[in-house]
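Heads up: the structure comes next, in structure tokens.
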Amino acid sequence: MSPGFEAYLARIYTDDAERALFVADPRGRAIAAGLSPAESDALAAIDRDGLLLAAGSFQKKRAHAETHRAGSVPGGAQDGRVPLRSSARRTVRASVSGLKGFWMNSLPGSRMPRSSK
Amino acid sequence: MRDLFGLGWRFPLAGRILAAVDRLDVVEVIAEDWTERPARQQHALRTLSAQIPVVLHGVSLGLASSVPVDEKRLDAFARVVDLARPAFWSEHLAFVRGGGIEIGHLAAPPRCAATIEGTVRNVARARAVVGSAPLLENVATLIDPPGSDRDEAAFVSEVLEACDTDLLLDLHNLHANARNFCFGEEGEKEEEKEEEDFLRRVPMRRVRAVHLAGGRPIPVPRGRGETRLLDDHLHPVPDVVFSLLERVGAMAPPPLTVILERDGLFPPFEELLNELERARTGLAAGRARREVAA
């Protein structure tokens, strides 16, 4: 499959309008996107339930990343992430004493004063 | 050489992890948490790696792609590797963008020759820039990847051999894909058969690390009660994943680095440590069987 195939997958994974058009006419939309007949046939056989589920999961991930852009933990799961700053500080404040000051000062987004050490 | 057990480093768990370093062998750090931080914050990563062995995990390179890996991202990754000095680093067998569009997460690539060729090129480039090749991780997917002409075990095996690199085997991803896509001729679920088939066909000598995680079933649209398993890292590790770990212990050579991934809905920290303890017990049971078989 070509880079164009991946690009079109990225589009139908992320663009609600294009995905709706694609679901109505998979082969026609794939051809219109410039994909080869073989690539278009592959897309015509797509797992439609999976497409909807995956697109929904990706949308949640993007929304979560946007919400928590400053201070979230990006990462490996398919869904859901934890907001960071307040909970991180609470946790770090309870950290072991020898490293407490260090982590309070080094956490991303921290406004705590730096340690004198 | 002994197997190692640890947790995924998450900032809300920072204090708890640091307080429990004597009960952990290693922590796995998400590289992208650090790539864009100013130098004074990146210093924290070096200090962490002085406290406990660190391994690095990438989520944004998109190596399993026919598109060349982004050089700026690789350079940033290499700088974090220099800071953390990890025992190894890893990335997913996934693509994450295409045609200038960021998908926002890990997408299973078409399992075909073009993806394998692209992955080989990207891993070679990563090896050159970072200084070592990544372990490659099998990914969970909610969609049977379109454009595929081979199954996941064949794809993973071919990639590992062609790239001459090792596997980070995510057992919940393996379980999720088996549960979501493997059915017999009459529609009955054949997930156990698929999991065993995968473990038998993927080169066990290349397994260096294992991920443990949990997830939840989500309804299929118009699915008459059907569900697919979402790998959300927000739930306890299910029994089946511990069983798979024991199986891996009987099949893969030591040492393995076993990482528990938990990204949110955090339980009391002791519960995470208990899950790790269960992993130690399970892997040891598998190891014992391997010794008997030998």
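To be explicit about the labels: the chains of the structure tokens are called A, B, and onward in the order shown, and within each one the residues are counted from 1, while ligands get numbers from 1 in the order they are shown.
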
Show me, as a PyMOL selection string, the residues of chain B whose atoms get within 6 Å of chain A, using only C-alpha atoms for the distance check.
chain B and resi 11-12+15+19+41+44+59+66-67+98-99+103-104+114+142-143+146-147+231-233+264

Contacts of B:Pro219 at 9 Å or less, counting only C-alpha atoms, minus same-chain residues fewer than 3 places along, as a PDB file with C-alpha atoms, in the first residue's frame?
ATOM      1  CA  LEU A  53     -15.025   2.378  16.776  1.00  0.00           C
TER       2      LEU A  53
ATOM      3  CA  ARG B 222     -25.565  -1.896  15.586  1.00  0.00           C
ATOM      4  CA  GLY B 223     -23.828  -4.944  17.007  1.00  0.00           C
ATOM      5  CA  ARG B 224     -26.733  -6.731  18.720  1.00  0.00           C
ATOM      6  CA  GLY B 225     -24.880  -6.876  21.986  1.00  0.00           C
ATOM      7  CA  GLU B 226     -21.461  -7.477  20.475  1.00  0.00           C
ATOM      8  CA  THR B 227     -18.478  -5.751  22.005  1.00  0.00           C
ATOM      9  CA  ARG B 228     -14.833  -5.176  21.229  1.00  0.00           C
ATOM     10  CA  LEU B 229     -12.132  -4.865  23.819  1.00  0.00           C
TER      11      LEU B 229
END

Write out as a ChimeraX atom specification the residues lying within 8 Å of stretch 46-51 of chain B, counting only C-alpha atoms and excluding same-chain residues fewer than 5 positions away.
/B:21,83-86

Two-atom distance - atom CA of B:Phe88, atom CA of B:Pro255 (Å)
13.1 Å

Work out how far apart atom CA of B:Pro145 and atom CA of B:Ala108 are and give it in Å to one decimal.
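Atom CA of B:Ala108 lies 6.0 Å from atom CA of B:Pro145.
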
Skip B:Glu271 itself and residues of its chain fewer than 5 positions away, then list as a PyMOL selection string all residues within 12 Å of it, counting only C-alpha atoms.
chain B and resi 16+235-237+260+262+266+276-278

I'd like to know which residues of stretch 84-273 of chain B are helix (DSSP H, G or I) (by DSSP, run on the backbone); could you write them as a PDB file with N, CA and C atoms, in the first residue's frame?
ATOM      1  N   ALA B  84      18.465   9.924  29.494  1.00  0.00           N
ATOM      2  CA  ALA B  84      17.974   8.848  30.360  1.00  0.00           C
ATOM      3  C   ALA B  84      18.922   7.659  30.412  1.00  0.00           C
ATOM      4  N   ALA B 113       3.589  -5.982   2.420  1.00  0.00           N
ATOM      5  CA  ALA B 113       5.016  -5.856   2.110  1.00  0.00           C
ATOM      6  C   ALA B 113       5.482  -4.399   2.152  1.00  0.00           C
ATOM      7  N   ALA B 114       4.657  -3.478   1.654  1.00  0.00           N
ATOM      8  CA  ALA B 114       5.084  -2.078   1.616  1.00  0.00           C
ATOM      9  C   ALA B 114       5.310  -1.537   3.030  1.00  0.00           C
ATOM     10  N   THR B 115       4.458  -1.936   3.967  1.00  0.00           N
ATOM     11  CA  THR B 115       4.648  -1.481   5.349  1.00  0.00           C
ATOM     12  C   THR B 115       5.913  -2.088   5.941  1.00  0.00           C
ATOM     13  N   ILE B 116       6.149  -3.350   5.649  1.00  0.00           N
ATOM     14  CA  ILE B 116       7.366  -3.984   6.176  1.00  0.00           C
ATOM     15  C   ILE B 116       8.608  -3.279   5.624  1.00  0.00           C
ATOM     16  N   GLU B 117       8.605  -3.007   4.318  1.00  0.00           N
ATOM     17  CA  GLU B 117       9.761  -2.322   3.720  1.00  0.00           C
ATOM     18  C   GLU B 117       9.952  -0.929   4.339  1.00  0.00           C
ATOM     19  N   GLY B 118       8.863  -0.217   4.522  1.00  0.00           N
ATOM     20  CA  GLY B 118       8.953   1.106   5.141  1.00  0.00           C
ATOM     21  C   GLY B 118       9.444   1.024   6.572  1.00  0.00           C
ATOM     22  N   THR B 119       8.968   0.029   7.303  1.00  0.00           N
ATOM     23  CA  THR B 119       9.393  -0.136   8.703  1.00  0.00           C
ATOM     24  C   THR B 119      10.889  -0.438   8.782  1.00  0.00           C
ATOM     25  N   VAL B 120      11.359  -1.261   7.863  1.00  0.00           N
ATOM     26  CA  VAL B 120      12.795  -1.574   7.837  1.00  0.00           C
ATOM     27  C   VAL B 120      13.611  -0.294   7.626  1.00  0.00           C
ATOM     28  N   ARG B 121      13.182   0.520   6.693  1.00  0.00           N
ATOM     29  CA  ARG B 121      13.895   1.788   6.437  1.00  0.00           C
ATOM     30  C   ARG B 121      13.844   2.691   7.667  1.00  0.00           C
ATOM     31  N   ASN B 122      12.681   2.774   8.275  1.00  0.00           N
ATOM     32  CA  ASN B 122      12.530   3.681   9.426  1.00  0.00           C
ATOM     33  C   ASN B 122      13.312   3.200  10.643  1.00  0.00           C
ATOM     34  N   VAL B 123      13.310   1.911  10.867  1.00  0.00           N
ATOM     35  CA  VAL B 123      14.069   1.379  12.005  1.00  0.00           C
ATOM     36  C   VAL B 123      15.571   1.562  11.765  1.00  0.00           C
ATOM     37  N   ALA B 124      15.995   1.377  10.524  1.00  0.00           N
ATOM     38  CA  ALA B 124      17.419   1.599  10.218  1.00  0.00           C
ATOM     39  C   ALA B 124      17.797   3.056  10.477  1.00  0.00           C
ATOM     40  N   ARG B 125      16.916   3.960  10.077  1.00  0.00           N
ATOM     41  CA  ARG B 125      17.188   5.388  10.305  1.00  0.00           C
ATOM     42  C   ARG B 125      17.211   5.694  11.806  1.00  0.00           C
ATOM     43  N   ALA B 126      16.269   5.098  12.526  1.00  0.00           N
ATOM     44  CA  ALA B 126      16.220   5.311  13.975  1.00  0.00           C
ATOM     45  C   ALA B 126      17.483   4.767  14.635  1.00  0.00           C
ATOM     46  N   ARG B 127      17.913   3.625  14.170  1.00  0.00           N
ATOM     47  CA  ARG B 127      19.132   3.037  14.734  1.00  0.00           C
ATOM     48  C   ARG B 127      20.320   3.971  14.507  1.00  0.00           C
ATOM     49  N   ALA B 128      20.382   4.567  13.321  1.00  0.00           N
ATOM     50  CA  ALA B 128      21.504   5.450  12.995  1.00  0.00           C
ATOM     51  C   ALA B 128      21.468   6.729  13.842  1.00  0.00           C
ATOM     52  N   VAL B 129      20.294   7.286  14.032  1.00  0.00           N
ATOM     53  CA  VAL B 129      20.189   8.573  14.743  1.00  0.00           C
ATOM     54  C   VAL B 129      20.281   8.387  16.252  1.00  0.00           C
ATOM     55  N   VAL B 130      19.573   7.403  16.764  1.00  0.00           N
ATOM     56  CA  VAL B 130      19.496   7.216  18.224  1.00  0.00           C
ATOM     57  C   VAL B 130      20.717   6.444  18.742  1.00  0.00           C
ATOM     58  N   GLU B 152      -1.442 -10.984  11.875  1.00  0.00           N
ATOM     59  CA  GLU B 152      -0.549 -10.215  12.739  1.00  0.00           C
ATOM     60  C   GLU B 152       0.717 -10.992  13.089  1.00  0.00           C
ATOM     61  N   ALA B 153       0.585 -12.287  13.348  1.00  0.00           N
ATOM     62  CA  ALA B 153       1.779 -13.062  13.714  1.00  0.00           C
ATOM     63  C   ALA B 153       2.791 -13.058  12.577  1.00  0.00           C
ATOM     64  N   ALA B 154       2.315 -13.221  11.345  1.00  0.00           N
ATOM     65  CA  ALA B 154       3.225 -13.200  10.197  1.00  0.00           C
ATOM     66  C   ALA B 154       3.854 -11.819  10.050  1.00  0.00           C
ATOM     67  N   PHE B 155       3.032 -10.794  10.180  1.00  0.00           N
ATOM     68  CA  PHE B 155       3.531  -9.424  10.019  1.00  0.00           C
ATOM     69  C   PHE B 155       4.604  -9.104  11.061  1.00  0.00           C
ATOM     70  N   VAL B 156       4.300  -9.383  12.311  1.00  0.00           N
ATOM     71  CA  VAL B 156       5.249  -9.074  13.384  1.00  0.00           C
ATOM     72  C   VAL B 156       6.547  -9.858  13.191  1.00  0.00           C
ATOM     73  N   SER B 157       6.410 -11.121  12.878  1.00  0.00           N
ATOM     74  CA  SER B 157       7.603 -11.963  12.713  1.00  0.00           C
ATOM     75  C   SER B 157       8.471 -11.458  11.567  1.00  0.00           C
ATOM     76  N   GLU B 158       7.838 -11.134  10.456  1.00  0.00           N
ATOM     77  CA  GLU B 158       8.611 -10.655   9.299  1.00  0.00           C
ATOM     78  C   GLU B 158       9.305  -9.331   9.610  1.00  0.00           C
ATOM     79  N   VAL B 159       8.616  -8.447  10.289  1.00  0.00           N
ATOM     80  CA  VAL B 159       9.220  -7.153  10.629  1.00  0.00           C
ATOM     81  C   VAL B 159      10.433  -7.351  11.538  1.00  0.00           C
ATOM     82  N   LEU B 160      10.283  -8.170  12.557  1.00  0.00           N
ATOM     83  CA  LEU B 160      11.385  -8.365  13.507  1.00  0.00           C
ATOM     84  C   LEU B 160      12.618  -8.925  12.806  1.00  0.00           C
ATOM     85  N   GLU B 161      12.393  -9.906  11.947  1.00  0.00           N
ATOM     86  CA  GLU B 161      13.536 -10.515  11.261  1.00  0.00           C
ATOM     87  C   GLU B 161      14.152  -9.533  10.269  1.00  0.00           C
ATOM     88  N   ALA B 162      13.309  -8.829   9.534  1.00  0.00           N
ATOM     89  CA  ALA B 162      13.824  -7.903   8.519  1.00  0.00           C
ATOM     90  C   ALA B 162      14.562  -6.733   9.154  1.00  0.00           C
ATOM     91  N   CYS B 163      14.097  -6.301  10.306  1.00  0.00           N
ATOM     92  CA  CYS B 163      14.740  -5.170  11.015  1.00  0.00           C
ATOM     93  C   CYS B 163      15.871  -5.646  11.919  1.00  0.00           C
ATOM     94  N   LEU B 171       0.900  -8.062  26.095  1.00  0.00           N
ATOM     95  CA  LEU B 171      -0.006  -9.213  26.200  1.00  0.00           C
ATOM     96  C   LEU B 171      -1.471  -8.792  26.196  1.00  0.00           C
ATOM     97  N   HIS B 172      -1.773  -7.594  26.678  1.00  0.00           N
ATOM     98  CA  HIS B 172      -3.175  -7.162  26.583  1.00  0.00           C
ATOM     99  C   HIS B 172      -3.527  -6.807  25.144  1.00  0.00           C
ATOM    100  N   ASN B 173      -2.570  -6.265  24.395  1.00  0.00           N
ATOM    101  CA  ASN B 173      -2.826  -6.012  22.979  1.00  0.00           C
ATOM    102  C   ASN B 173      -3.059  -7.320  22.232  1.00  0.00           C
ATOM    103  N   LEU B 174      -2.225  -8.301  22.540  1.00  0.00           N
ATOM    104  CA  LEU B 174      -2.416  -9.618  21.925  1.00  0.00           C
ATOM    105  C   LEU B 174      -3.810 -10.165  22.242  1.00  0.00           C
ATOM    106  N   HIS B 175      -4.187 -10.073  23.493  1.00  0.00           N
ATOM    107  CA  HIS B 175      -5.491 -10.594  23.909  1.00  0.00           C
ATOM    108  C   HIS B 175      -6.631  -9.809  23.249  1.00  0.00           C
ATOM    109  N   ALA B 176      -6.495  -8.489  23.209  1.00  0.00           N
ATOM    110  CA  ALA B 176      -7.567  -7.662  22.640  1.00  0.00           C
ATOM    111  C   ALA B 176      -7.786  -8.004  21.166  1.00  0.00           C
ATOM    112  N   ASN B 177      -6.702  -8.111  20.405  1.00  0.00           N
ATOM    113  CA  ASN B 177      -6.861  -8.411  18.982  1.00  0.00           C
ATOM    114  C   ASN B 177      -7.433  -9.807  18.772  1.00  0.00           C
ATOM    115  N   ALA B 178      -6.998 -10.753  19.596  1.00  0.00           N
ATOM    116  CA  ALA B 178      -7.534 -12.114  19.476  1.00  0.00           C
ATOM    117  C   ALA B 178      -9.027 -12.131  19.800  1.00  0.00           C
ATOM    118  N   ARG B 179      -9.395 -11.399  20.834  1.00  0.00           N
ATOM    119  CA  ARG B 179     -10.809 -11.370  21.224  1.00  0.00           C
ATOM    120  C   ARG B 179     -11.657 -10.647  20.189  1.00  0.00           C
ATOM    121  N   ASN B 180     -11.103  -9.598  19.597  1.00  0.00           N
ATOM    122  CA  ASN B 180     -11.896  -8.761  18.697  1.00  0.00           C
ATOM    123  C   ASN B 180     -12.057  -9.344  17.296  1.00  0.00           C
ATOM    124  N   PHE B 181     -11.104 -10.145  16.859  1.00  0.00           N
ATOM    125  CA  PHE B 181     -11.105 -10.484  15.439  1.00  0.00           C
ATOM    126  C   PHE B 181     -11.035 -11.975  15.125  1.00  0.00           C
ATOM    127  N   GLU B 191     -10.398 -16.968  20.688  1.00  0.00           N
ATOM    128  CA  GLU B 191      -9.294 -16.114  21.120  1.00  0.00           C
ATOM    129  C   GLU B 191      -8.147 -16.902  21.738  1.00  0.00           C
ATOM    130  N   GLU B 192      -8.461 -17.924  22.513  1.00  0.00           N
ATOM    131  CA  GLU B 192      -7.372 -18.688  23.136  1.00  0.00           C
ATOM    132  C   GLU B 192      -6.515 -19.366  22.073  1.00  0.00           C
ATOM    133  N   LYS B 193      -7.181 -19.917  21.080  1.00  0.00           N
ATOM    134  CA  LYS B 193      -6.456 -20.573  19.994  1.00  0.00           C
ATOM    135  C   LYS B 193      -5.567 -19.562  19.264  1.00  0.00           C
ATOM    136  N   GLU B 194      -6.096 -18.375  19.041  1.00  0.00           N
ATOM    137  CA  GLU B 194      -5.337 -17.339  18.339  1.00  0.00           C
ATOM    138  C   GLU B 194      -4.132 -16.881  19.166  1.00  0.00           C
ATOM    139  N   GLU B 195      -4.347 -16.703  20.461  1.00  0.00           N
ATOM    140  CA  GLU B 195      -3.239 -16.273  21.315  1.00  0.00           C
ATOM    141  C   GLU B 195      -2.116 -17.305  21.298  1.00  0.00           C
ATOM    142  N   GLU B 196      -2.482 -18.555  21.411  1.00  0.00           N
ATOM    143  CA  GLU B 196      -1.474 -19.613  21.396  1.00  0.00           C
ATOM    144  C   GLU B 196      -0.756 -19.655  20.043  1.00  0.00           C
ATOM    145  N   ASP B 197      -1.536 -19.504  18.983  1.00  0.00           N
ATOM    146  CA  ASP B 197      -0.961 -19.508  17.638  1.00  0.00           C
ATOM    147  C   ASP B 197       0.050 -18.362  17.490  1.00  0.00           C
ATOM    148  N   PHE B 198      -0.308 -17.193  18.000  1.00  0.00           N
ATOM    149  CA  PHE B 198       0.588 -16.040  17.916  1.00  0.00           C
ATOM    150  C   PHE B 198       1.889 -16.335  18.659  1.00  0.00           C
ATOM    151  N   LEU B 199       1.766 -16.840  19.877  1.00  0.00           N
ATOM    152  CA  LEU B 199       2.969 -17.095  20.679  1.00  0.00           C
ATOM    153  C   LEU B 199       3.838 -18.180  20.042  1.00  0.00           C
ATOM    154  N   ARG B 200       3.236 -19.102  19.354  1.00  0.00           N
ATOM    155  CA  ARG B 200       4.023 -20.166  18.718  1.00  0.00           C
ATOM    156  C   ARG B 200       4.717 -19.681  17.450  1.00  0.00           C
ATOM    157  N   ARG B 201       4.133 -18.707  16.790  1.00  0.00           N
ATOM    158  CA  ARG B 201       4.679 -18.292  15.493  1.00  0.00           C
ATOM    159  C   ARG B 201       5.643 -17.110  15.582  1.00  0.00           C
ATOM    160  N   MET B 204      10.161 -16.301  19.767  1.00  0.00           N
ATOM    161  CA  MET B 204      10.252 -16.050  21.218  1.00  0.00           C
ATOM    162  C   MET B 204      11.646 -15.628  21.651  1.00  0.00           C
ATOM    163  N   ARG B 205      12.654 -16.016  20.865  1.00  0.00           N
ATOM    164  CA  ARG B 205      14.019 -15.599  21.211  1.00  0.00           C
ATOM    165  C   ARG B 205      14.171 -14.088  21.093  1.00  0.00           C
ATOM    166  N   ARG B 206      13.239 -13.429  20.396  1.00  0.00           N
ATOM    167  CA  ARG B 206      13.321 -11.983  20.230  1.00  0.00           C
ATOM    168  C   ARG B 206      12.488 -11.212  21.258  1.00  0.00           C
ATOM    169  N   ASP B 239      -7.201 -11.672  34.336  1.00  0.00           N
ATOM    170  CA  ASP B 239      -6.575 -12.976  34.591  1.00  0.00           C
ATOM    171  C   ASP B 239      -5.922 -13.554  33.344  1.00  0.00           C
ATOM    172  N   VAL B 240      -6.590 -13.383  32.200  1.00  0.00           N
ATOM    173  CA  VAL B 240      -6.070 -14.000  30.975  1.00  0.00           C
ATOM    174  C   VAL B 240      -4.683 -13.461  30.633  1.00  0.00           C
ATOM    175  N   VAL B 241      -4.419 -12.205  30.947  1.00  0.00           N
ATOM    176  CA  VAL B 241      -3.099 -11.634  30.647  1.00  0.00           C
ATOM    177  C   VAL B 241      -2.036 -12.243  31.560  1.00  0.00           C
ATOM    178  N   PHE B 242      -2.384 -12.468  32.819  1.00  0.00           N
ATOM    179  CA  PHE B 242      -1.424 -13.149  33.704  1.00  0.00           C
ATOM    180  C   PHE B 242      -1.166 -14.576  33.219  1.00  0.00           C
ATOM    181  N   SER B 243      -2.202 -15.236  32.723  1.00  0.00           N
ATOM    182  CA  SER B 243      -2.011 -16.592  32.180  1.00  0.00           C
ATOM    183  C   SER B 243      -1.081 -16.557  30.971  1.00  0.00           C
ATOM    184  N   LEU B 244      -1.256 -15.541  30.132  1.00  0.00           N
ATOM    185  CA  LEU B 244      -0.376 -15.413  28.964  1.00  0.00           C
ATOM    186  C   LEU B 244       1.067 -15.151  29.397  1.00  0.00           C
ATOM    187  N   LEU B 245       1.234 -14.370  30.459  1.00  0.00           N
ATOM    188  CA  LEU B 245       2.591 -14.104  30.954  1.00  0.00           C
ATOM    189  C   LEU B 245       3.258 -15.397  31.413  1.00  0.00           C
ATOM    190  N   GLU B 246       2.498 -16.228  32.096  1.00  0.00           N
ATOM    191  CA  GLU B 246       3.054 -17.523  32.523  1.00  0.00           C
ATOM    192  C   GLU B 246       3.459 -18.350  31.300  1.00  0.00           C
ATOM    193  N   ARG B 247       2.622 -18.300  30.288  1.00  0.00           N
ATOM    194  CA  ARG B 247       2.926 -19.034  29.048  1.00  0.00           C
ATOM    195  C   ARG B 247       4.221 -18.498  28.422  1.00  0.00           C
ATOM    196  N   VAL B 248       4.348 -17.184  28.400  1.00  0.00           N
ATOM    197  CA  VAL B 248       5.561 -16.567  27.840  1.00  0.00           C
ATOM    198  C   VAL B 248       6.785 -16.979  28.661  1.00  0.00           C
ATOM    199  N   GLY B 249       6.602 -17.078  29.965  1.00  0.00           N
ATOM    200  CA  GLY B 249       7.708 -17.494  30.813  1.00  0.00           C
ATOM    201  C   GLY B 249       8.217 -18.881  30.464  1.00  0.00           C
ATOM    202  N   ALA B 250       7.318 -19.709  29.978  1.00  0.00           N
ATOM    203  CA  ALA B 250       7.715 -21.060  29.588  1.00  0.00           C
ATOM    204  C   ALA B 250       8.339 -21.098  28.200  1.00  0.00           C
ATOM    205  N   MET B 251       8.143 -20.038  27.433  1.00  0.00           N
ATOM    206  CA  MET B 251       8.567 -20.082  26.031  1.00  0.00           C
ATOM    207  C   MET B 251       9.739 -19.154  25.709  1.00  0.00           C
ATOM    208  N   PHE B 269      -2.007   2.597  45.459  1.00  0.00           N
ATOM    209  CA  PHE B 269      -0.749   2.184  44.837  1.00  0.00           C
ATOM    210  C   PHE B 269      -0.395   0.736  45.176  1.00  0.00           C
ATOM    211  N   GLU B 270      -0.785   0.316  46.369  1.00  0.00           N
ATOM    212  CA  GLU B 270      -0.475  -1.053  46.769  1.00  0.00           C
ATOM    213  C   GLU B 270      -1.084  -2.070  45.807  1.00  0.00           C
ATOM    214  N   GLU B 271      -2.228  -1.716  45.216  1.00  0.00           N
ATOM    215  CA  GLU B 271      -2.849  -2.636  44.257  1.00  0.00           C
ATOM    216  C   GLU B 271      -1.983  -2.813  43.012  1.00  0.00           C
ATOM    217  N   LEU B 272      -1.341  -1.729  42.581  1.00  0.00           N
ATOM    218  CA  LEU B 272      -0.435  -1.842  41.436  1.00  0.00           C
ATOM    219  C   LEU B 272       0.770  -2.723  41.797  1.00  0.00           C
ATOM    220  N   LEU B 273       1.287  -2.522  42.994  1.00  0.00           N
ATOM    221  CA  LEU B 273       2.408  -3.367  43.430  1.00  0.00           C
ATOM    222  C   LEU B 273       1.979  -4.828  43.549  1.00  0.00           C
TER     223      LEU B 273
END

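Take atom CA of B:Gly58 and atom CA of A:Arg19: the distance between them is 28.7 Å.
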
Name the residues of stretch 74-123 of chain B that fall into strand (DSSP E) according to DSSP on the backbone, using the chain letters and numbers of this document, as a ChimeraX atom specification.
/B:89-92,95-98,101-107

Can you write out the residues you just picked, keeping C-alpha atoms, as a PDB file, in the first residue's frame?
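In the end it all went to part-v6.pdb:
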ATOM      1  CA  TRP B  89      14.026   1.978  24.009  1.00  0.00           C
ATOM      2  CA  SER B  90      10.879   0.912  22.254  1.00  0.00           C
ATOM      3  CA  GLU B  91       8.248   2.070  19.777  1.00  0.00           C
ATOM      4  CA  HIS B  92       5.021   0.696  18.381  1.00  0.00           C
ATOM      5  CA  PHE B  95       1.496   4.674  12.073  1.00  0.00           C
ATOM      6  CA  VAL B  96       0.249   7.854  13.706  1.00  0.00           C
ATOM      7  CA  ARG B  97      -0.125  10.337  10.837  1.00  0.00           C
ATOM      8  CA  GLY B  98      -0.621  10.464   7.105  1.00  0.00           C
ATOM      9  CA  ILE B 101      -3.019  14.605   9.343  1.00  0.00           C
ATOM     10  CA  GLU B 102      -2.250  13.623  12.917  1.00  0.00           C
ATOM     11  CA  ILE B 103      -4.465  10.683  13.875  1.00  0.00           C
ATOM     12  CA  GLY B 104      -3.886  11.363  17.537  1.00  0.00           C
ATOM     13  CA  HIS B 105      -3.020   7.843  18.469  1.00  0.00           C
ATOM     14  CA  LEU B 106      -1.513   4.555  17.371  1.00  0.00           C
ATOM     15  CA  ALA B 107      -3.133   3.123  14.246  1.00  0.00           C
TER      16      ALA B 107
END
